[in-house]
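Asks: If you scroll down you'll find the structure; I have some questions about it.
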Number of protein chains: 2
Amino acid sequence: MPNPKGTNKSSGLDRRRKAAQNKDNANYAERRAQILASAAEVFAEEGYDATTLNDIAARAGTDRASVYYYASSKEELFQQVCSGMLAANLAAAEEIAEGDLSAADKLEQIMANHLKTHEQGYPQWTVLVRELRRVTDARTDWSREEVERMRRYEAVVRSILEDGMNDGSLRRDIDPDVATHAIFGMLNWTHRWYRPDGPYDAATIAREFAAIALSGLTVRDAG
Amino acid sequence: MPNPKGTNKSSGLDRRRKAAQNKDNANYAERRAQILASAAEVFAEEGYDATTLNDIAARAGTDRASVYYYASSKEELFQQVCSGMLAANLAAAEEIAEGDLSAADKLEQIMANHLKTHEQGYPQWTVLVRELRRVTDARTDWSREEVERMRRYEAVVRSILEDGMNDGSLRRDIDPDVATHAIFGMLNWTHRWYRPDGPYDAATIAREFAAIALSGLTVRDAG
């Protein structure tokens, strides 16, 4: 593919970056992980549009030219920050769905896994949710794959809800689409308020969210 | 206040805009409402950062110079698009909170009002929620007032939850902060999926969200 800018310097850098990424180079991989972590922090604090490669370089304690040795653009850094989390959530949800638990227990496990991703992948998960429109704008192959993962992830949850409605364990007077949106709303709105150093850990939030969504806030009359 | 650009043209325009805004001019008000509606559409579709005044002018069928006759900047247009909705939601919530309903019924009414705001104020409400970080960045007096309204709005919901826990109608094993976040998560995540021409109207969504949050998805055993 021709280099659009036509500079040997840039294509030389592209070559060196690709060679370094492909080589089994522990120092390179470690430094790249540091730069991705810095990118995630700045994206989470400033938003994608307001972030510059200079901001990321400064956070990582290096300069813009050095960042180019690890990623070719802000967009590539963003994709690398966001990649993998939806795939992991989808895989976990599919495995939970195939198990023998009740519909309610499957939903609770998926909610717990989702919030664990947020806790362990902080602030990357915050960036993914906050910039979800960019992740899912379908302008790149990467985005189209992420859209498809999200669609399948939501479909797993909807399917569990429908199973529970069909086997009589879940209410049938609530539309499964609306219930799916309600569950993902609770889960994803955490990007606005959840902090790893806040008062609630992911397991506590998941347990209480599941209690609300499955059993409701009102006191159930004694059976 | 001195004009930072020091051009007579700009300060003359500022003067003319302020004079027109203050005069009781139906044509001006109508045209301004059209430009705000165009701004809301473009902000909702493209996001604030990616939107230019040229985009808004093009959507409104005019040019950038004419837009300046209605607002001094993209930021002012954004504030005007977002203004008023949080204040209205807060006022409605405070009135509901002061009534004689049960805690559960108060929460259901607040949820219904919130989603009605989204339906009637579409796409302005979508812009407000999607750009909430910008609305609440506390860099302007307007933002600081919006932050305070949001804080009070959330406090009204939390207070109703606490009242219900204290009078025995709501469960006490769920933290009222977590429950508040769960409710606002369901309500605000609609910015990702709700469309006025979609399959569900705001009243249906509100009824089903309230059923989920208050009674839960699982079938309650017969009492």
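Ligands are numbered from 1 in the order shown, residues from 1 within each chain, and chains are lettered A, B, ... in the order they appear in the structure tokens.
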Just need chain B moved onto chain A: least-squares over all Cα atoms matched in order, then output as a PDB file with C-alpha atoms, in the first residue's frame.

Replies:
```pdb
ATOM      1  CA  MET B   1      -0.206  -0.219   0.315  1.00  0.00           C
ATOM      2  CA  PRO B   2       1.274   3.162  -0.689  1.00  0.00           C
ATOM      3  CA  ASN B   3       2.046   5.613   2.064  1.00  0.00           C
ATOM      4  CA  PRO B   4      -0.452   8.464   1.576  1.00  0.00           C
ATOM      5  CA  LYS B   5       2.038  11.072   2.812  1.00  0.00           C
ATOM      6  CA  GLY B   6       4.744   9.666   0.579  1.00  0.00           C
ATOM      7  CA  THR B   7       7.547  10.185   3.102  1.00  0.00           C
ATOM      8  CA  ASN B   8      10.241   7.570   3.519  1.00  0.00           C
ATOM      9  CA  LYS B   9      10.568   8.553   7.154  1.00  0.00           C
ATOM     10  CA  SER B  10       6.956   7.620   7.875  1.00  0.00           C
ATOM     11  CA  SER B  11       7.018   4.347   5.977  1.00  0.00           C
ATOM     12  CA  GLY B  12      10.330   3.471   7.631  1.00  0.00           C
ATOM     13  CA  LEU B  13       8.694   4.034  11.025  1.00  0.00           C
ATOM     14  CA  ASP B  14       5.713   1.906   9.993  1.00  0.00           C
ATOM     15  CA  ARG B  15       8.126  -0.883   9.051  1.00  0.00           C
ATOM     16  CA  ARG B  16      10.073  -0.623  12.302  1.00  0.00           C
ATOM     17  CA  ARG B  17       6.844  -0.587  14.366  1.00  0.00           C
ATOM     18  CA  LYS B  18       5.493  -3.666  12.628  1.00  0.00           C
ATOM     19  CA  ALA B  19       8.798  -5.486  13.011  1.00  0.00           C
ATOM     20  CA  ALA B  20       8.896  -4.655  16.735  1.00  0.00           C
ATOM     21  CA  GLN B  21       5.262  -5.689  17.244  1.00  0.00           C
ATOM     22  CA  ASN B  22       5.871  -9.012  15.558  1.00  0.00           C
ATOM     23  CA  LYS B  23       9.126  -9.779  17.366  1.00  0.00           C
ATOM     24  CA  ASP B  24       8.985 -11.443  20.762  1.00  0.00           C
ATOM     25  CA  ASN B  25      10.383  -8.379  22.548  1.00  0.00           C
ATOM     26  CA  ALA B  26       9.500  -8.112  26.236  1.00  0.00           C
ATOM     27  CA  ASN B  27      10.776  -4.542  26.593  1.00  0.00           C
ATOM     28  CA  TYR B  28       8.768  -3.382  23.601  1.00  0.00           C
ATOM     29  CA  ALA B  29       5.614  -5.128  24.853  1.00  0.00           C
ATOM     30  CA  GLU B  30       5.992  -3.670  28.337  1.00  0.00           C
ATOM     31  CA  ARG B  31       6.548  -0.139  27.079  1.00  0.00           C
ATOM     32  CA  ARG B  32       3.623  -0.509  24.684  1.00  0.00           C
ATOM     33  CA  ALA B  33       1.392  -1.614  27.586  1.00  0.00           C
ATOM     34  CA  GLN B  34       2.468   1.485  29.531  1.00  0.00           C
ATOM     35  CA  ILE B  35       1.590   3.747  26.611  1.00  0.00           C
ATOM     36  CA  LEU B  36      -1.803   2.044  26.201  1.00  0.00           C
ATOM     37  CA  ALA B  37      -2.468   2.526  29.929  1.00  0.00           C
ATOM     38  CA  SER B  38      -1.577   6.224  29.613  1.00  0.00           C
ATOM     39  CA  ALA B  39      -3.805   6.520  26.549  1.00  0.00           C
ATOM     40  CA  ALA B  40      -6.714   4.927  28.445  1.00  0.00           C
ATOM     41  CA  GLU B  41      -6.285   7.367  31.325  1.00  0.00           C
ATOM     42  CA  VAL B  42      -6.242  10.436  29.103  1.00  0.00           C
ATOM     43  CA  PHE B  43      -9.131   9.207  26.926  1.00  0.00           C
ATOM     44  CA  ALA B  44     -11.162   8.568  30.118  1.00  0.00           C
ATOM     45  CA  GLU B  45     -10.394  11.996  31.565  1.00  0.00           C
ATOM     46  CA  GLU B  46     -10.571  14.180  28.463  1.00  0.00           C
ATOM     47  CA  GLY B  47     -12.636  12.212  25.957  1.00  0.00           C
ATOM     48  CA  TYR B  48     -11.341  10.944  22.622  1.00  0.00           C
ATOM     49  CA  ASP B  49     -11.862  14.098  20.588  1.00  0.00           C
ATOM     50  CA  ALA B  50     -10.131  16.407  23.070  1.00  0.00           C
ATOM     51  CA  THR B  51      -7.146  14.059  23.477  1.00  0.00           C
ATOM     52  CA  THR B  52      -3.981  14.596  21.432  1.00  0.00           C
ATOM     53  CA  LEU B  53      -1.028  12.274  20.915  1.00  0.00           C
ATOM     54  CA  ASN B  54       1.026  14.910  22.759  1.00  0.00           C
ATOM     55  CA  ASP B  55      -1.247  14.501  25.817  1.00  0.00           C
ATOM     56  CA  ILE B  56      -0.755  10.737  25.739  1.00  0.00           C
ATOM     57  CA  ALA B  57       3.010  11.082  25.238  1.00  0.00           C
ATOM     58  CA  ALA B  58       3.228  13.515  28.168  1.00  0.00           C
ATOM     59  CA  ARG B  59       1.257  11.144  30.420  1.00  0.00           C
ATOM     60  CA  ALA B  60       3.563   8.283  29.453  1.00  0.00           C
ATOM     61  CA  GLY B  61       6.627  10.440  30.105  1.00  0.00           C
ATOM     62  CA  THR B  62       7.808  10.388  26.508  1.00  0.00           C
ATOM     63  CA  ASP B  63       7.386  12.393  23.324  1.00  0.00           C
ATOM     64  CA  ARG B  64       5.025  12.158  20.400  1.00  0.00           C
ATOM     65  CA  ALA B  65       7.629  10.711  18.057  1.00  0.00           C
ATOM     66  CA  SER B  66       8.239   7.818  20.457  1.00  0.00           C
ATOM     67  CA  VAL B  67       4.518   7.097  20.687  1.00  0.00           C
ATOM     68  CA  TYR B  68       4.511   6.552  16.915  1.00  0.00           C
ATOM     69  CA  TYR B  69       6.894   3.674  17.475  1.00  0.00           C
ATOM     70  CA  TYR B  70       4.045   1.899  19.327  1.00  0.00           C
ATOM     71  CA  ALA B  71       0.937   2.976  17.382  1.00  0.00           C
ATOM     72  CA  SER B  72       0.437   4.689  14.048  1.00  0.00           C
ATOM     73  CA  SER B  73      -2.343   7.042  15.149  1.00  0.00           C
ATOM     74  CA  LYS B  74      -4.660   8.154  17.951  1.00  0.00           C
ATOM     75  CA  GLU B  75      -7.333   5.953  16.397  1.00  0.00           C
ATOM     76  CA  GLU B  76      -5.093   2.873  16.562  1.00  0.00           C
ATOM     77  CA  LEU B  77      -4.318   3.595  20.237  1.00  0.00           C
ATOM     78  CA  PHE B  78      -8.049   3.954  20.897  1.00  0.00           C
ATOM     79  CA  GLN B  79      -8.835   0.642  19.222  1.00  0.00           C
ATOM     80  CA  GLN B  80      -6.113  -1.103  21.200  1.00  0.00           C
ATOM     81  CA  VAL B  81      -7.410   0.417  24.458  1.00  0.00           C
ATOM     82  CA  CYS B  82     -10.949  -0.794  23.749  1.00  0.00           C
ATOM     83  CA  SER B  83     -10.207  -4.134  22.112  1.00  0.00           C
ATOM     84  CA  GLY B  84     -10.778  -7.462  23.765  1.00  0.00           C
ATOM     85  CA  MET B  85     -13.219  -6.493  26.491  1.00  0.00           C
ATOM     86  CA  LEU B  86     -16.414  -6.970  24.483  1.00  0.00           C
ATOM     87  CA  ALA B  87     -15.062 -10.230  23.085  1.00  0.00           C
ATOM     88  CA  ALA B  88     -14.324 -11.458  26.627  1.00  0.00           C
ATOM     89  CA  ASN B  89     -17.773 -10.421  27.888  1.00  0.00           C
ATOM     90  CA  LEU B  90     -19.443 -12.105  24.932  1.00  0.00           C
ATOM     91  CA  ALA B  91     -17.471 -15.334  25.421  1.00  0.00           C
ATOM     92  CA  ALA B  92     -18.307 -15.392  29.144  1.00  0.00           C
ATOM     93  CA  ALA B  93     -21.997 -14.727  28.465  1.00  0.00           C
ATOM     94  CA  GLU B  94     -22.172 -17.500  25.865  1.00  0.00           C
ATOM     95  CA  GLU B  95     -20.569 -19.957  28.275  1.00  0.00           C
ATOM     96  CA  ILE B  96     -22.958 -18.950  31.085  1.00  0.00           C
ATOM     97  CA  ALA B  97     -25.937 -19.200  28.721  1.00  0.00           C
ATOM     98  CA  GLU B  98     -25.020 -22.787  27.804  1.00  0.00           C
ATOM     99  CA  GLY B  99     -24.897 -23.884  31.461  1.00  0.00           C
ATOM    100  CA  ASP B 100     -27.591 -25.486  33.584  1.00  0.00           C
ATOM    101  CA  LEU B 101     -28.497 -22.537  35.837  1.00  0.00           C
ATOM    102  CA  SER B 102     -31.925 -20.923  35.992  1.00  0.00           C
ATOM    103  CA  ALA B 103     -32.497 -17.868  33.777  1.00  0.00           C
ATOM    104  CA  ALA B 104     -32.288 -15.605  36.846  1.00  0.00           C
ATOM    105  CA  ASP B 105     -28.980 -17.104  37.969  1.00  0.00           C
ATOM    106  CA  LYS B 106     -27.551 -16.844  34.448  1.00  0.00           C
ATOM    107  CA  LEU B 107     -28.472 -13.159  34.320  1.00  0.00           C
ATOM    108  CA  GLU B 108     -26.889 -12.558  37.717  1.00  0.00           C
ATOM    109  CA  GLN B 109     -23.659 -14.246  36.583  1.00  0.00           C
ATOM    110  CA  ILE B 110     -23.525 -12.209  33.383  1.00  0.00           C
ATOM    111  CA  MET B 111     -24.074  -8.995  35.367  1.00  0.00           C
ATOM    112  CA  ALA B 112     -21.298  -9.962  37.793  1.00  0.00           C
ATOM    113  CA  ASN B 113     -18.893 -10.751  34.945  1.00  0.00           C
ATOM    114  CA  HIS B 114     -19.739  -7.479  33.164  1.00  0.00           C
ATOM    115  CA  LEU B 115     -18.977  -5.384  36.241  1.00  0.00           C
ATOM    116  CA  LYS B 116     -15.828  -7.386  36.968  1.00  0.00           C
ATOM    117  CA  THR B 117     -14.653  -6.382  33.471  1.00  0.00           C
ATOM    118  CA  HIS B 118     -15.258  -2.773  34.431  1.00  0.00           C
ATOM    119  CA  GLU B 119     -13.330  -3.175  37.694  1.00  0.00           C
ATOM    120  CA  GLN B 120     -10.385  -5.076  36.250  1.00  0.00           C
ATOM    121  CA  GLY B 121     -10.318  -3.116  33.003  1.00  0.00           C
ATOM    122  CA  TYR B 122     -10.541   0.321  34.544  1.00  0.00           C
ATOM    123  CA  PRO B 123     -10.280   2.845  32.938  1.00  0.00           C
ATOM    124  CA  GLN B 124     -10.317   1.071  29.551  1.00  0.00           C
ATOM    125  CA  TRP B 125     -13.912  -0.092  30.029  1.00  0.00           C
ATOM    126  CA  THR B 126     -14.958   3.454  30.952  1.00  0.00           C
ATOM    127  CA  VAL B 127     -13.425   4.643  27.674  1.00  0.00           C
ATOM    128  CA  LEU B 128     -15.219   1.930  25.704  1.00  0.00           C
ATOM    129  CA  VAL B 129     -18.657   2.778  27.141  1.00  0.00           C
ATOM    130  CA  ARG B 130     -18.174   6.538  27.100  1.00  0.00           C
ATOM    131  CA  GLU B 131     -17.039   6.458  23.465  1.00  0.00           C
ATOM    132  CA  LEU B 132     -19.423   3.675  22.455  1.00  0.00           C
ATOM    133  CA  ARG B 133     -20.734   5.684  19.537  1.00  0.00           C
ATOM    134  CA  ARG B 134     -17.198   5.870  18.169  1.00  0.00           C
ATOM    135  CA  VAL B 135     -16.592   2.155  18.843  1.00  0.00           C
ATOM    136  CA  THR B 136     -19.784   1.276  16.952  1.00  0.00           C
ATOM    137  CA  ASP B 137     -19.684   3.828  14.112  1.00  0.00           C
ATOM    138  CA  ALA B 138     -19.015   0.961  11.667  1.00  0.00           C
ATOM    139  CA  ARG B 139     -16.443   2.993   9.738  1.00  0.00           C
ATOM    140  CA  THR B 140     -13.685   0.369  10.136  1.00  0.00           C
ATOM    141  CA  ASP B 141     -13.501  -3.420  10.099  1.00  0.00           C
ATOM    142  CA  TRP B 142     -12.611  -3.261  13.801  1.00  0.00           C
ATOM    143  CA  SER B 143     -15.752  -1.261  14.554  1.00  0.00           C
ATOM    144  CA  ARG B 144     -17.958  -3.568  12.502  1.00  0.00           C
ATOM    145  CA  GLU B 145     -16.617  -6.534  14.480  1.00  0.00           C
ATOM    146  CA  GLU B 146     -17.256  -4.728  17.785  1.00  0.00           C
ATOM    147  CA  VAL B 147     -20.827  -3.921  16.658  1.00  0.00           C
ATOM    148  CA  GLU B 148     -21.359  -7.591  15.883  1.00  0.00           C
ATOM    149  CA  ARG B 149     -19.991  -8.635  19.300  1.00  0.00           C
ATOM    150  CA  MET B 150     -22.256  -6.154  21.053  1.00  0.00           C
ATOM    151  CA  ARG B 151     -25.257  -7.348  19.035  1.00  0.00           C
ATOM    152  CA  ARG B 152     -24.485 -10.965  19.963  1.00  0.00           C
ATOM    153  CA  TYR B 153     -23.874 -10.060  23.627  1.00  0.00           C
ATOM    154  CA  GLU B 154     -27.263  -8.336  23.853  1.00  0.00           C
ATOM    155  CA  ALA B 155     -28.857 -11.254  22.003  1.00  0.00           C
ATOM    156  CA  VAL B 156     -27.512 -13.724  24.602  1.00  0.00           C
ATOM    157  CA  VAL B 157     -29.125 -11.697  27.413  1.00  0.00           C
ATOM    158  CA  ARG B 158     -32.397 -11.355  25.485  1.00  0.00           C
ATOM    159  CA  SER B 159     -32.422 -15.085  24.785  1.00  0.00           C
ATOM    160  CA  ILE B 160     -31.965 -15.942  28.477  1.00  0.00           C
ATOM    161  CA  LEU B 161     -34.838 -13.579  29.320  1.00  0.00           C
ATOM    162  CA  GLU B 162     -37.039 -15.283  26.731  1.00  0.00           C
ATOM    163  CA  ASP B 163     -36.097 -18.732  28.043  1.00  0.00           C
ATOM    164  CA  GLY B 164     -37.098 -17.661  31.554  1.00  0.00           C
ATOM    165  CA  MET B 165     -40.386 -16.218  30.308  1.00  0.00           C
ATOM    166  CA  ASN B 166     -41.088 -19.439  28.444  1.00  0.00           C
ATOM    167  CA  ASP B 167     -40.286 -21.744  31.389  1.00  0.00           C
ATOM    168  CA  GLY B 168     -42.440 -19.630  33.707  1.00  0.00           C
ATOM    169  CA  SER B 169     -39.661 -18.385  35.979  1.00  0.00           C
ATOM    170  CA  LEU B 170     -39.620 -14.820  34.590  1.00  0.00           C
ATOM    171  CA  ARG B 171     -42.559 -12.435  34.112  1.00  0.00           C
ATOM    172  CA  ARG B 172     -44.098 -12.369  30.663  1.00  0.00           C
ATOM    173  CA  ASP B 173     -45.665  -8.893  30.974  1.00  0.00           C
ATOM    174  CA  ILE B 174     -42.351  -7.167  30.290  1.00  0.00           C
ATOM    175  CA  ASP B 175     -40.946  -6.964  26.780  1.00  0.00           C
ATOM    176  CA  PRO B 176     -37.609  -8.837  26.604  1.00  0.00           C
ATOM    177  CA  ASP B 177     -36.101  -6.008  24.538  1.00  0.00           C
ATOM    178  CA  VAL B 178     -37.042  -3.419  27.143  1.00  0.00           C
ATOM    179  CA  ALA B 179     -35.714  -5.683  29.904  1.00  0.00           C
ATOM    180  CA  THR B 180     -32.440  -6.156  27.992  1.00  0.00           C
ATOM    181  CA  HIS B 181     -32.064  -2.376  27.673  1.00  0.00           C
ATOM    182  CA  ALA B 182     -32.854  -1.964  31.392  1.00  0.00           C
ATOM    183  CA  ILE B 183     -30.128  -4.443  32.389  1.00  0.00           C
ATOM    184  CA  PHE B 184     -27.483  -2.948  30.092  1.00  0.00           C
ATOM    185  CA  GLY B 185     -28.530   0.521  31.231  1.00  0.00           C
ATOM    186  CA  MET B 186     -27.840  -0.310  34.868  1.00  0.00           C
ATOM    187  CA  LEU B 187     -24.562  -2.014  33.928  1.00  0.00           C
ATOM    188  CA  ASN B 188     -23.193   0.544  31.493  1.00  0.00           C
ATOM    189  CA  TRP B 189     -24.235   3.696  33.343  1.00  0.00           C
ATOM    190  CA  THR B 190     -21.527   2.764  35.859  1.00  0.00           C
ATOM    191  CA  HIS B 191     -19.149   4.580  33.477  1.00  0.00           C
ATOM    192  CA  ARG B 192     -20.584   7.787  34.994  1.00  0.00           C
ATOM    193  CA  TRP B 193     -20.005   6.964  38.655  1.00  0.00           C
ATOM    194  CA  TYR B 194     -18.002   3.774  39.328  1.00  0.00           C
ATOM    195  CA  ARG B 195     -14.419   4.244  40.541  1.00  0.00           C
ATOM    196  CA  PRO B 196     -12.155   1.402  41.745  1.00  0.00           C
ATOM    197  CA  ASP B 197     -11.371   3.510  44.836  1.00  0.00           C
ATOM    198  CA  GLY B 198     -15.074   4.259  45.443  1.00  0.00           C
ATOM    199  CA  PRO B 199     -17.220   2.858  48.267  1.00  0.00           C
ATOM    200  CA  TYR B 200     -18.535  -0.205  46.339  1.00  0.00           C
ATOM    201  CA  ASP B 201     -16.652  -3.019  44.678  1.00  0.00           C
ATOM    202  CA  ALA B 202     -17.888  -4.615  41.476  1.00  0.00           C
ATOM    203  CA  ALA B 203     -19.178  -7.756  43.220  1.00  0.00           C
ATOM    204  CA  THR B 204     -21.322  -5.700  45.639  1.00  0.00           C
ATOM    205  CA  ILE B 205     -22.749  -3.574  42.826  1.00  0.00           C
ATOM    206  CA  ALA B 206     -23.489  -6.683  40.763  1.00  0.00           C
ATOM    207  CA  ARG B 207     -25.252  -8.401  43.671  1.00  0.00           C
ATOM    208  CA  GLU B 208     -27.426  -5.358  44.368  1.00  0.00           C
ATOM    209  CA  PHE B 209     -28.149  -4.668  40.682  1.00  0.00           C
ATOM    210  CA  ALA B 210     -29.184  -8.304  40.242  1.00  0.00           C
ATOM    211  CA  ALA B 211     -31.377  -8.088  43.355  1.00  0.00           C
ATOM    212  CA  ILE B 212     -33.088  -4.991  41.935  1.00  0.00           C
ATOM    213  CA  ALA B 213     -33.552  -6.336  38.402  1.00  0.00           C
ATOM    214  CA  LEU B 214     -34.620  -9.818  39.429  1.00  0.00           C
ATOM    215  CA  SER B 215     -36.499  -9.324  42.713  1.00  0.00           C
ATOM    216  CA  GLY B 216     -37.311  -5.596  42.726  1.00  0.00           C
ATOM    217  CA  LEU B 217     -36.973  -2.897  45.340  1.00  0.00           C
ATOM    218  CA  THR B 218     -40.297  -3.406  47.049  1.00  0.00           C
ATOM    219  CA  VAL B 219     -40.662  -5.813  49.954  1.00  0.00           C
ATOM    220  CA  ARG B 220     -42.239  -9.030  48.744  1.00  0.00           C
ATOM    221  CA  ASP B 221     -45.219 -10.175  50.778  1.00  0.00           C
ATOM    222  CA  ALA B 222     -44.616 -13.325  52.777  1.00  0.00           C
ATOM    223  CA  GLY B 223     -45.654 -16.391  50.754  1.00  0.00           C
TER     224      GLY B 223
END
```

Asks: From the DSSP assignment of the backbone, select every residue of range 12-174 of chain B that is alpha helix (DSSP H), and format the answer as a tab-separated table (two decimals) with C-alpha atoms, in the first residue's frame.

Replies:
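The result, written out as result-v4.tsv:
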```tsv
chain	number	residue	atom	x	y	z
B	12	GLY	CA	-21.58	45.19	16.63
B	13	LEU	CA	-22.99	41.71	15.98
B	14	ASP	CA	-22.99	40.97	19.71
B	15	ARG	CA	-24.97	44.18	20.27
B	16	ARG	CA	-27.46	43.40	17.51
B	17	ARG	CA	-27.93	39.82	18.78
B	18	LYS	CA	-28.58	40.98	22.33
B	19	ALA	CA	-30.99	43.65	21.15
B	20	ALA	CA	-32.90	41.09	19.05
B	21	GLN	CA	-32.98	38.56	21.90
B	22	ASN	CA	-34.36	41.14	24.29
B	26	ALA	CA	-41.77	36.64	17.02
B	27	ASN	CA	-39.85	36.14	13.77
B	28	TYR	CA	-36.52	36.24	15.56
B	29	ALA	CA	-37.72	33.81	18.24
B	30	GLU	CA	-39.10	31.39	15.66
B	31	ARG	CA	-35.95	31.42	13.57
B	32	ARG	CA	-33.84	31.01	16.70
B	33	ALA	CA	-35.93	27.97	17.70
B	34	GLN	CA	-35.34	26.48	14.24
B	35	ILE	CA	-31.58	26.97	14.56
B	36	LEU	CA	-31.59	25.40	18.04
B	37	ALA	CA	-33.54	22.42	16.67
B	38	SER	CA	-30.98	22.03	13.87
B	39	ALA	CA	-28.15	22.31	16.38
B	40	ALA	CA	-29.74	19.59	18.55
B	41	GLU	CA	-30.05	17.27	15.56
B	42	VAL	CA	-26.44	17.70	14.48
B	43	PHE	CA	-25.09	17.45	18.04
B	44	ALA	CA	-27.10	14.22	18.50
B	45	GLU	CA	-25.86	12.72	15.23
B	46	GLU	CA	-22.23	13.84	15.21
B	53	LEU	CA	-21.14	25.94	13.17
B	54	ASN	CA	-21.07	25.35	9.40
B	55	ASP	CA	-22.77	21.95	9.93
B	56	ILE	CA	-25.48	23.58	12.02
B	57	ALA	CA	-25.92	26.43	9.52
B	58	ALA	CA	-26.22	23.93	6.65
B	59	ARG	CA	-28.83	21.90	8.55
B	64	ARG	CA	-22.51	30.55	9.46
B	65	ALA	CA	-22.68	34.33	9.61
B	66	SER	CA	-26.45	34.19	10.07
B	67	VAL	CA	-26.11	31.67	12.89
B	74	LYS	CA	-21.09	26.61	19.38
B	75	GLU	CA	-20.88	26.44	23.16
B	76	GLU	CA	-23.75	28.92	23.57
B	77	LEU	CA	-25.89	26.90	21.12
B	78	PHE	CA	-25.07	23.74	23.09
B	79	GLN	CA	-26.07	25.34	26.38
B	80	GLN	CA	-29.33	26.57	24.90
B	81	VAL	CA	-30.07	23.10	23.47
B	82	CYS	CA	-29.50	21.46	26.86
B	85	MET	CA	-34.69	20.00	30.87
B	86	LEU	CA	-32.84	19.18	34.09
B	87	ALA	CA	-34.56	22.09	35.83
B	88	ALA	CA	-37.96	20.77	34.69
B	89	ASN	CA	-37.14	17.21	35.80
B	90	LEU	CA	-35.92	18.46	39.16
B	91	ALA	CA	-39.03	20.59	39.71
B	92	ALA	CA	-41.31	17.67	38.80
B	93	ALA	CA	-39.40	15.29	41.09
B	94	GLU	CA	-39.58	17.72	44.01
B	95	GLU	CA	-43.32	18.13	43.54
B	96	ILE	CA	-43.83	14.34	43.34
B	97	ALA	CA	-41.64	13.83	46.42
B	98	GLU	CA	-43.79	16.23	48.46
B	103	ALA	CA	-42.29	5.59	47.86
B	104	ALA	CA	-42.79	3.05	45.05
B	105	ASP	CA	-45.47	5.16	43.37
B	106	LYS	CA	-43.35	8.30	43.68
B	107	LEU	CA	-40.43	6.53	42.00
B	108	GLU	CA	-42.68	5.29	39.20
B	109	GLN	CA	-43.99	8.83	38.60
B	110	ILE	CA	-40.48	10.28	38.51
B	111	MET	CA	-39.39	7.59	36.04
B	112	ALA	CA	-42.42	8.32	33.84
B	113	ASN	CA	-41.74	12.07	33.90
B	114	HIS	CA	-38.04	11.53	33.10
B	115	LEU	CA	-38.81	9.43	30.03
B	116	LYS	CA	-41.54	11.84	28.93
B	117	THR	CA	-38.84	14.54	28.93
B	118	HIS	CA	-36.79	12.33	26.65
B	119	GLU	CA	-39.75	11.75	24.32
B	120	GLN	CA	-40.92	15.36	24.17
B	124	GLN	CA	-32.20	17.62	22.92
B	125	TRP	CA	-32.36	15.18	25.84
B	126	THR	CA	-30.21	12.70	23.91
B	127	VAL	CA	-27.62	15.46	23.46
B	128	LEU	CA	-27.73	16.34	27.16
B	129	VAL	CA	-27.17	12.74	28.31
B	130	ARG	CA	-24.64	11.87	25.63
B	132	LEU	CA	-23.23	14.87	30.14
B	133	ARG	CA	-19.54	15.13	30.91
B	134	ARG	CA	-19.46	18.42	29.01
B	135	VAL	CA	-22.67	19.64	30.69
B	141	ASP	CA	-21.62	29.16	35.72
B	142	TRP	CA	-24.20	27.39	33.54
B	143	SER	CA	-22.45	24.06	34.04
B	144	ARG	CA	-22.12	24.56	37.78
B	145	GLU	CA	-25.86	25.23	37.98
B	146	GLU	CA	-26.61	22.10	35.92
B	147	VAL	CA	-24.34	20.04	38.22
B	148	GLU	CA	-26.25	21.36	41.21
B	149	ARG	CA	-29.61	20.50	39.59
B	150	MET	CA	-28.43	16.99	38.81
B	151	ARG	CA	-27.12	16.55	42.36
B	152	ARG	CA	-30.47	17.69	43.77
B	153	TYR	CA	-32.43	15.50	41.31
B	154	GLU	CA	-30.46	12.42	42.36
B	155	ALA	CA	-30.85	13.42	46.01
B	156	VAL	CA	-34.66	13.53	45.64
B	157	VAL	CA	-34.67	9.96	44.29
B	158	ARG	CA	-32.27	8.77	47.01
B	159	SER	CA	-34.41	10.42	49.67
B	160	ILE	CA	-37.58	8.68	48.42
B	161	LEU	CA	-35.71	5.36	48.48
B	162	GLU	CA	-34.60	6.01	52.06
B	163	ASP	CA	-38.13	6.97	53.09
B	164	GLY	CA	-39.44	3.70	51.66
B	165	MET	CA	-36.72	1.70	53.42
B	166	ASN	CA	-37.55	3.45	56.67
```
